[in-house]
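So this block is upload_3.cif, mmCIF, C-alpha atoms:
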```cif
data_query
loop_
_atom_site.label_atom_id
_atom_site.label_comp_id
_atom_site.auth_asym_id
_atom_site.auth_seq_id
_atom_site.Cartn_x
_atom_site.Cartn_y
_atom_site.Cartn_z
CA MET A 1 -42.14 5.81 -45.62
CA ALA A 2 -45.50 7.26 -46.69
CA ILE A 3 -47.55 5.53 -49.38
CA LEU A 4 -50.90 6.70 -50.69
CA GLY A 5 -53.87 4.47 -49.86
CA ILE A 6 -57.24 4.95 -51.56
CA ASP A 7 -60.44 3.22 -50.42
CA ILE A 8 -63.37 2.84 -52.83
CA GLY A 9 -66.65 2.66 -50.95
CA GLY A 10 -70.28 2.56 -51.97
CA SER A 11 -70.85 6.20 -51.04
CA GLY A 12 -67.37 7.74 -51.05
CA ILE A 13 -63.83 7.33 -52.37
CA LYS A 14 -61.26 8.52 -49.86
CA GLY A 15 -57.51 8.49 -49.58
CA ALA A 16 -54.49 9.72 -47.65
CA PRO A 17 -50.76 9.10 -47.44
CA VAL A 18 -49.98 6.49 -44.78
CA ASP A 19 -46.85 5.95 -42.72
CA VAL A 20 -46.69 2.19 -43.26
CA SER A 21 -44.35 1.72 -40.29
CA THR A 22 -47.00 2.98 -37.86
CA GLY A 23 -50.30 2.74 -39.74
CA THR A 24 -51.07 6.42 -39.25
CA LEU A 25 -52.30 8.94 -41.81
CA VAL A 26 -49.67 11.61 -42.36
CA GLU A 27 -52.10 14.05 -44.00
CA GLU A 28 -55.81 14.69 -43.63
CA ARG A 29 -57.76 12.33 -45.83
CA PHE A 30 -59.45 13.62 -48.99
CA ARG A 31 -62.85 12.31 -50.06
CA VAL A 32 -65.04 12.54 -53.15
CA GLU A 33 -68.47 11.07 -53.71
CA THR A 34 -68.59 7.70 -55.41
CA PRO A 35 -69.95 8.40 -58.92
CA GLN A 36 -73.46 7.22 -59.73
CA PRO A 37 -73.53 5.12 -61.79
CA SER A 38 -70.27 3.69 -60.47
CA ASP A 39 -69.02 2.57 -63.87
CA VAL A 40 -65.38 1.90 -64.67
CA THR A 41 -64.64 5.21 -66.40
CA SER A 42 -66.23 7.36 -63.70
CA VAL A 43 -64.64 5.55 -60.75
CA VAL A 44 -61.18 5.53 -62.35
CA ALA A 45 -61.51 9.30 -62.86
CA ALA A 46 -62.58 9.77 -59.22
CA VAL A 47 -59.61 7.73 -57.96
CA ALA A 48 -57.31 9.84 -60.13
CA GLU A 49 -58.84 12.98 -58.58
CA VAL A 50 -58.09 11.72 -55.07
CA ALA A 51 -54.53 10.79 -56.07
CA ALA A 52 -53.94 14.20 -57.65
CA HIS A 53 -54.89 15.92 -54.37
CA PHE A 54 -51.64 14.71 -52.80
CA ASP A 55 -47.99 15.10 -53.71
CA ALA A 56 -46.54 12.60 -56.16
CA THR A 57 -45.91 9.13 -54.79
CA GLU A 58 -44.01 6.18 -56.26
CA ARG A 59 -46.88 3.73 -55.78
CA ILE A 60 -50.48 3.62 -54.66
CA GLY A 61 -52.75 1.04 -53.08
CA VAL A 62 -56.44 0.97 -54.04
CA THR A 63 -59.24 -1.09 -52.49
CA PHE A 64 -62.21 -2.41 -54.46
CA PRO A 65 -65.58 -3.65 -53.10
CA GLY A 66 -65.40 -7.08 -54.71
CA VAL A 67 -63.15 -9.98 -55.61
CA VAL A 68 -59.80 -9.00 -57.13
CA LEU A 69 -57.62 -11.64 -58.79
CA HIS A 70 -54.28 -10.69 -60.32
CA GLY A 71 -55.38 -7.08 -60.65
CA VAL A 72 -58.68 -7.93 -62.39
CA THR A 73 -62.05 -7.31 -60.70
CA ARG A 74 -64.20 -10.44 -60.80
CA THR A 75 -67.37 -9.45 -58.90
CA ALA A 76 -69.38 -6.23 -58.66
CA ALA A 77 -72.23 -6.68 -56.18
CA ASN A 78 -72.32 -3.04 -55.02
CA VAL A 79 -70.83 -1.22 -58.02
CA ASP A 80 -71.67 -1.01 -61.73
CA LYS A 81 -71.53 -4.30 -63.63
CA SER A 82 -69.00 -2.80 -66.04
CA TRP A 83 -66.42 -3.77 -63.41
CA LEU A 84 -66.88 -7.47 -64.11
CA GLY A 85 -63.61 -8.62 -65.66
CA ALA A 86 -62.13 -5.10 -65.71
CA PRO A 87 -58.30 -4.84 -65.65
CA ALA A 88 -58.47 -2.53 -62.63
CA ARG A 89 -54.77 -2.54 -61.78
CA ASP A 90 -53.80 -1.47 -65.30
CA LEU A 91 -56.59 1.10 -65.56
CA PHE A 92 -55.71 2.78 -62.27
CA SER A 93 -51.99 2.68 -63.02
CA GLN A 94 -52.54 4.38 -66.39
CA ALA A 95 -54.78 7.02 -64.81
CA VAL A 96 -52.40 8.00 -62.00
CA GLY A 97 -49.09 7.37 -63.75
CA VAL A 98 -47.52 5.12 -61.10
CA PRO A 99 -47.83 1.40 -60.23
CA VAL A 100 -51.04 0.56 -58.38
CA THR A 101 -51.85 -2.45 -56.21
CA VAL A 102 -55.56 -3.34 -56.09
CA LEU A 103 -57.15 -5.59 -53.49
CA ASN A 104 -60.52 -6.37 -51.95
CA ASP A 105 -61.65 -3.64 -49.57
CA ALA A 106 -62.43 -5.88 -46.60
CA ASP A 107 -59.12 -7.70 -47.08
CA ALA A 108 -57.36 -4.34 -46.90
CA ALA A 109 -59.22 -3.36 -43.73
CA GLY A 110 -58.43 -6.72 -42.20
CA VAL A 111 -54.73 -6.50 -42.99
CA ALA A 112 -54.64 -3.07 -41.33
CA GLU A 113 -56.43 -4.34 -38.21
CA MET A 114 -54.22 -7.42 -37.95
CA THR A 115 -51.09 -5.27 -38.32
CA PHE A 116 -51.95 -2.23 -36.20
CA GLY A 117 -55.38 -2.72 -34.67
CA ALA A 118 -57.69 -5.12 -32.86
CA GLY A 119 -56.13 -8.24 -34.39
CA ARG A 120 -52.52 -7.39 -33.67
CA GLY A 121 -50.73 -10.38 -32.13
CA ARG A 122 -53.84 -12.58 -32.30
CA LYS A 123 -53.53 -16.28 -33.08
CA GLY A 124 -56.15 -18.70 -34.34
CA VAL A 125 -59.00 -17.74 -36.69
CA THR A 126 -59.95 -14.07 -36.85
CA ILE A 127 -62.79 -12.80 -39.04
CA MET A 128 -63.02 -9.12 -39.91
CA LEU A 129 -66.47 -7.97 -41.06
CA THR A 130 -67.09 -4.51 -42.49
CA LEU A 131 -70.68 -3.37 -42.14
CA GLY A 132 -71.29 -0.66 -44.71
CA THR A 133 -73.10 -0.47 -48.05
CA GLY A 134 -72.75 -4.25 -48.02
CA ILE A 135 -70.85 -6.65 -45.77
CA GLY A 136 -67.20 -7.32 -46.51
CA SER A 137 -65.26 -10.16 -44.93
CA ALA A 138 -61.61 -10.97 -44.32
CA VAL A 139 -60.49 -14.24 -42.77
CA PHE A 140 -57.13 -14.78 -41.07
CA ILE A 141 -55.48 -17.93 -39.79
CA ASP A 142 -53.00 -16.54 -37.29
CA ASP A 143 -51.86 -13.53 -39.33
CA ARG A 144 -52.24 -15.11 -42.78
CA LEU A 145 -55.06 -13.83 -44.97
CA VAL A 146 -57.42 -16.08 -46.91
CA PRO A 147 -58.14 -13.54 -49.66
CA ASN A 148 -61.36 -12.67 -51.45
CA THR A 149 -63.94 -14.24 -49.15
CA GLU A 150 -67.41 -12.87 -49.82
CA PHE A 151 -69.36 -13.88 -46.74
CA GLY A 152 -71.67 -10.89 -46.97
CA HIS A 153 -73.51 -13.03 -49.52
CA LEU A 154 -74.10 -15.88 -47.09
CA LYS A 155 -77.83 -16.68 -47.17
CA ILE A 156 -79.86 -15.82 -44.07
CA LYS A 157 -83.58 -16.65 -44.34
CA GLY A 158 -83.26 -16.77 -48.12
CA GLU A 159 -81.55 -13.37 -48.45
CA ASP A 160 -77.95 -12.25 -48.73
CA ALA A 161 -76.78 -11.44 -45.20
CA GLU A 162 -75.91 -7.90 -46.26
CA GLU A 163 -79.58 -7.31 -47.16
CA ARG A 164 -80.38 -7.73 -43.46
CA ALA A 165 -77.27 -6.91 -41.43
CA SER A 166 -75.34 -4.22 -43.31
CA ALA A 167 -75.34 -0.61 -42.14
CA HIS A 168 -77.14 0.26 -45.37
CA ALA A 169 -79.91 -2.23 -44.56
CA ARG A 170 -80.39 -0.59 -41.16
CA GLU A 171 -80.91 2.78 -42.83
CA VAL A 172 -83.11 1.52 -45.68
CA ASP A 173 -85.34 -0.55 -43.41
CA LYS A 174 -85.35 2.18 -40.74
CA LEU A 175 -84.32 -0.26 -38.02
CA GLY A 176 -83.61 0.80 -34.47
CA TRP A 177 -80.33 -0.26 -32.92
CA SER A 178 -81.90 -3.12 -30.96
CA LYS A 179 -83.67 -4.72 -33.93
CA TRP A 180 -80.70 -4.27 -36.22
CA ALA A 181 -78.42 -5.78 -33.55
CA ARG A 182 -80.61 -8.89 -33.66
CA HIS A 183 -80.03 -9.14 -37.39
CA VAL A 184 -76.28 -8.76 -36.90
CA GLU A 185 -76.35 -11.36 -34.10
CA GLU A 186 -78.21 -13.77 -36.36
CA TYR A 187 -75.54 -13.36 -39.01
CA LEU A 188 -72.65 -13.69 -36.57
CA ARG A 189 -74.17 -16.87 -35.12
CA GLU A 190 -74.27 -18.39 -38.59
CA MET A 191 -70.66 -17.38 -39.19
CA GLU A 192 -69.47 -18.86 -35.91
CA ASN A 193 -71.38 -22.10 -36.54
CA LEU A 194 -69.63 -22.45 -39.90
CA PHE A 195 -66.11 -21.32 -38.97
CA ASN A 196 -65.73 -21.42 -35.17
CA PRO A 197 -63.56 -18.30 -35.11
CA ASP A 198 -61.58 -17.07 -32.12
CA LEU A 199 -62.44 -13.41 -32.72
CA PHE A 200 -64.74 -11.18 -34.77
CA ILE A 201 -63.56 -7.65 -35.60
CA ILE A 202 -66.42 -5.36 -36.64
CA GLY A 203 -65.38 -2.57 -38.98
CA GLY A 204 -66.85 -0.09 -41.43
CA GLY A 205 -68.02 3.41 -40.65
CA ILE A 206 -70.61 2.13 -38.19
CA SER A 207 -67.86 0.73 -35.97
CA LYS A 208 -67.47 4.19 -34.46
CA LYS A 209 -70.95 3.67 -32.98
CA SER A 210 -70.20 0.16 -31.71
CA GLU A 211 -71.42 0.98 -28.20
CA LYS A 212 -74.95 1.26 -29.62
CA PHE A 213 -75.14 -2.32 -30.90
CA LEU A 214 -72.25 -4.60 -29.90
CA PRO A 215 -73.34 -4.83 -26.21
CA LEU A 216 -76.75 -6.04 -27.45
CA ILE A 217 -75.25 -9.03 -29.30
CA ASP A 218 -75.04 -12.34 -27.45
CA ILE A 219 -72.74 -14.87 -29.13
CA ARG A 220 -70.02 -17.16 -27.82
CA THR A 221 -67.22 -15.59 -29.90
CA PRO A 222 -65.68 -12.31 -28.70
CA ALA A 223 -66.66 -9.44 -31.02
CA VAL A 224 -64.73 -6.16 -30.84
CA PRO A 225 -64.85 -2.94 -32.86
CA ALA A 226 -62.11 -2.12 -35.30
CA VAL A 227 -59.44 0.15 -33.81
CA LEU A 228 -58.71 1.96 -37.07
CA LEU A 229 -62.44 2.52 -37.68
CA ASN A 230 -63.15 3.82 -41.18
CA GLU A 231 -59.47 4.46 -41.95
CA ALA A 232 -58.63 0.75 -42.01
CA GLY A 233 -59.17 0.45 -45.77
CA ILE A 234 -56.82 3.32 -46.52
CA VAL A 235 -54.14 1.90 -44.25
CA GLY A 236 -54.51 -1.60 -45.65
CA ALA A 237 -54.32 -0.33 -49.22
CA ALA A 238 -51.05 1.44 -48.44
CA LEU A 239 -49.67 -1.68 -46.75
CA ALA A 240 -50.53 -3.72 -49.83
CA ALA A 241 -48.73 -1.25 -52.07
CA ALA A 242 -45.73 -1.40 -49.74
CA GLY A 243 -45.40 -5.10 -50.48
CA SER A 244 -47.76 -6.81 -48.06
CA GLU A 245 -50.38 -7.69 -50.66
CA PRO A 246 -52.36 -10.91 -50.20
CA ALA A 247 -51.97 -13.94 -52.41
CA GLY A 248 -54.96 -12.97 -54.54
CA GLU A 249 -53.09 -9.88 -55.79
CA ALA A 250 -49.82 -11.62 -56.72
#
```
Write out the structure in this file as structure tokens.
Amino acid sequence: MAILGIDIGGSGIKGAPVDVSTGTLVEERFRVETPQPSDVTSVVAAVAEVAAHFDATERIGVTFPGVVLHGVTRTAANVDKSWLGAPARDLFSQAVGVPVTVLNDADAAGVAEMTFGAGRGRKGVTIMLTLGTGIGSAVFIDDRLVPNTEFGHLKIKGEDAEERASAHAREVDKLGWSKWARHVEEYLREMENLFNPDLFIIGGGISKKSEKFLPLIDIRTPAVPAVLLNEAGIVGAALAAAGSEPAGEA
């Protein structure tokens, strides 16, 4: 069964139908630029544009870069503040004409990786971190998600971790791979001291260049790149819409 997954990112909004039995995209993904400013009206219209690119579907999963509780967006660190308290599930459903499930973007990526990727079959504590415009986090105990963690805002030297260790920070600060890897290592060390995980999964678009920075990081916890790379959010969104949504979306 194919279900449409749509992933809202800081720079782009992309989607594709997903075979939820295998976690594979059944059509080439379609992407539009994330509107600037990324206010509610503009982003809802962009999501509707992505949905309209594909044949009609009975339901759609949509990720959001922030906390989502019962279909309402509660934080908006990397999008317009008009999203604070927005009834996202209802707004997207009205725009596309079918039921929509909305969940945190890192949670979606984590669910996809735990189902089909680097976390498949893993036990213990697994932490998925998406290094992109910000840093998203998803925490799993065995295969059960603790939804809506926001560990990209953990303070490192007085700053949000994502201000130092996100992919965006690397570009803005013009950091070489070695120096940026030290920032990521610093962040991962703090995470492992707090949570003692069994595995880190590193996702986001930069995961496709993992060979440039992961070998430079020296921590006690194994850290592996995401298998689904930048498609994890799309796959996780579709899985959520298929009925595997985390507790925060119930």
request  = Identify, on the basis of only C-alpha atoms, every residue whose closest approach to A:Ile206 does not exceed 8 Å; exclude the query and any residue fewer than 5 positions from it along the same chain; express the result as a list in words.
outcome  =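 Contacts, in chain order: Leu131, Gly132 and Ala167 of chain A.
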key: Selection under test: the PyMOL selection byres ((chain A and resi 89) around 7); residues as a list of chain:residue names   =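 Output of the PyMOL selection byres ((chain A and resi 89) around 7): A:Gly71, A:Val72, A:Pro87, A:Ala88, A:Asp90, A:Leu91, A:Phe92, A:Ser93, A:Val100, A:Thr101, A:Val102.
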task = Choose the residue, out of A:Ala77, A:Ala241, A:Val40, A:Phe200, that has the smallest atom-to-atom separation from A:Thr57; count all atoms listed in the file.
result =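 Once distances to A:Thr57 are computed over all atoms listed in the file, the minimum belongs to A:Ala241.
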ask   = Could you spell out the hits of the PyMOL selection byres ((chain A and resi 221) around 7) on the shown file, as number ranges by chain?
value = A: 197-199, 219-220, 222-223
request  = Could you give me, as a PyMOL selection string, the residues within 7 Å of A:Ile3, counting only C-alpha atoms and dropping anything in the same chain fewer than 2 positions from it?
outcome  = chain A and resi 1+5+17-19+57+59-60+238
key: Ground truth for the PyMOL selection byres ((chain A and resi 124) around 9), written as number ranges by chain   = A: 122-123, 125-126, 140-143, 197-199
query = If you measure from atom CA of A:Leu216 to atom CA of A:Ile201, what distance in Å do you get, rounded to one decimal?
reply =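 Taking atom CA of A:Leu216 and atom CA of A:Ile201, their separation equals 15.6 Å.
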Nearest residue to A:Gly121 from the set A:His183, A:Pro35, A:Ala237, A:Arg144 (distances using only C-alpha atoms) =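 Of A:His183, A:Pro35, A:Ala237, A:Arg144, the one nearest A:Gly121 is A:Arg144, counting only C-alpha atoms.
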Could you give me stretch 46-64 of chain A completed to N, CA, C and O atoms, formatted as a compact mmCIF listing (two decimals), keeping the file's coordinate frame?
```txt
# COMPACT_ATOMS: atom_id res chain seq x y z
N ALA A 46 -62.47 9.32 -60.60
CA ALA A 46 -62.58 9.77 -59.22
C ALA A 46 -61.34 9.37 -58.42
O ALA A 46 -60.83 10.15 -57.60
N VAL A 47 -60.83 8.15 -58.63
CA VAL A 47 -59.61 7.73 -57.96
C VAL A 47 -58.44 8.62 -58.37
O VAL A 47 -57.61 9.02 -57.54
N ALA A 48 -58.37 8.96 -59.66
CA ALA A 48 -57.31 9.84 -60.13
C ALA A 48 -57.41 11.22 -59.48
O ALA A 48 -56.39 11.85 -59.17
N GLU A 49 -58.64 11.69 -59.25
CA GLU A 49 -58.84 12.98 -58.58
C GLU A 49 -58.31 12.94 -57.15
O GLU A 49 -57.65 13.88 -56.69
N VAL A 50 -58.59 11.85 -56.44
CA VAL A 50 -58.09 11.72 -55.07
C VAL A 50 -56.57 11.67 -55.08
O VAL A 50 -55.91 12.34 -54.28
N ALA A 51 -55.99 10.91 -56.00
CA ALA A 51 -54.53 10.79 -56.07
C ALA A 51 -53.89 12.14 -56.36
O ALA A 51 -52.84 12.49 -55.79
N ALA A 52 -54.51 12.92 -57.25
CA ALA A 52 -53.94 14.20 -57.65
C ALA A 52 -53.98 15.23 -56.52
O ALA A 52 -53.25 16.23 -56.56
N HIS A 53 -54.80 14.99 -55.50
CA HIS A 53 -54.89 15.92 -54.37
C HIS A 53 -53.61 15.93 -53.53
O HIS A 53 -53.33 16.92 -52.84
N PHE A 54 -52.84 14.84 -53.63
CA PHE A 54 -51.64 14.71 -52.80
C PHE A 54 -50.38 14.79 -53.66
O PHE A 54 -50.44 14.67 -54.88
N ASP A 55 -49.26 15.05 -53.01
CA ASP A 55 -47.99 15.10 -53.71
C ASP A 55 -47.71 13.76 -54.38
O ASP A 55 -48.22 12.71 -53.96
N ALA A 56 -46.87 13.80 -55.40
CA ALA A 56 -46.54 12.60 -56.16
C ALA A 56 -46.00 11.50 -55.24
O ALA A 56 -45.29 11.77 -54.28
N THR A 57 -46.37 10.29 -55.53
CA THR A 57 -45.91 9.13 -54.79
C THR A 57 -45.45 8.06 -55.77
O THR A 57 -45.91 8.04 -56.92
N GLU A 58 -44.56 7.19 -55.35
CA GLU A 58 -44.01 6.18 -56.26
C GLU A 58 -44.97 5.04 -56.53
O GLU A 58 -44.86 4.35 -57.53
N ARG A 59 -45.91 4.81 -55.62
CA ARG A 59 -46.88 3.73 -55.78
C ARG A 59 -48.10 4.02 -54.93
O ARG A 59 -48.03 4.78 -53.96
N ILE A 60 -49.19 3.37 -55.31
CA ILE A 60 -50.48 3.62 -54.66
C ILE A 60 -51.19 2.29 -54.45
O ILE A 60 -51.11 1.39 -55.29
N GLY A 61 -51.88 2.18 -53.33
CA GLY A 61 -52.75 1.04 -53.08
C GLY A 61 -54.20 1.47 -53.19
O GLY A 61 -54.58 2.55 -52.71
N VAL A 62 -55.03 0.66 -53.84
CA VAL A 62 -56.44 0.97 -54.04
C VAL A 62 -57.28 -0.23 -53.63
O VAL A 62 -56.99 -1.36 -54.03
N THR A 63 -58.32 -0.01 -52.84
CA THR A 63 -59.24 -1.09 -52.49
C THR A 63 -60.41 -1.09 -53.46
O THR A 63 -60.77 -0.07 -54.05
N PHE A 64 -61.03 -2.27 -53.59
CA PHE A 64 -62.21 -2.41 -54.46
C PHE A 64 -63.25 -3.27 -53.74
O PHE A 64 -62.89 -4.29 -53.15
```
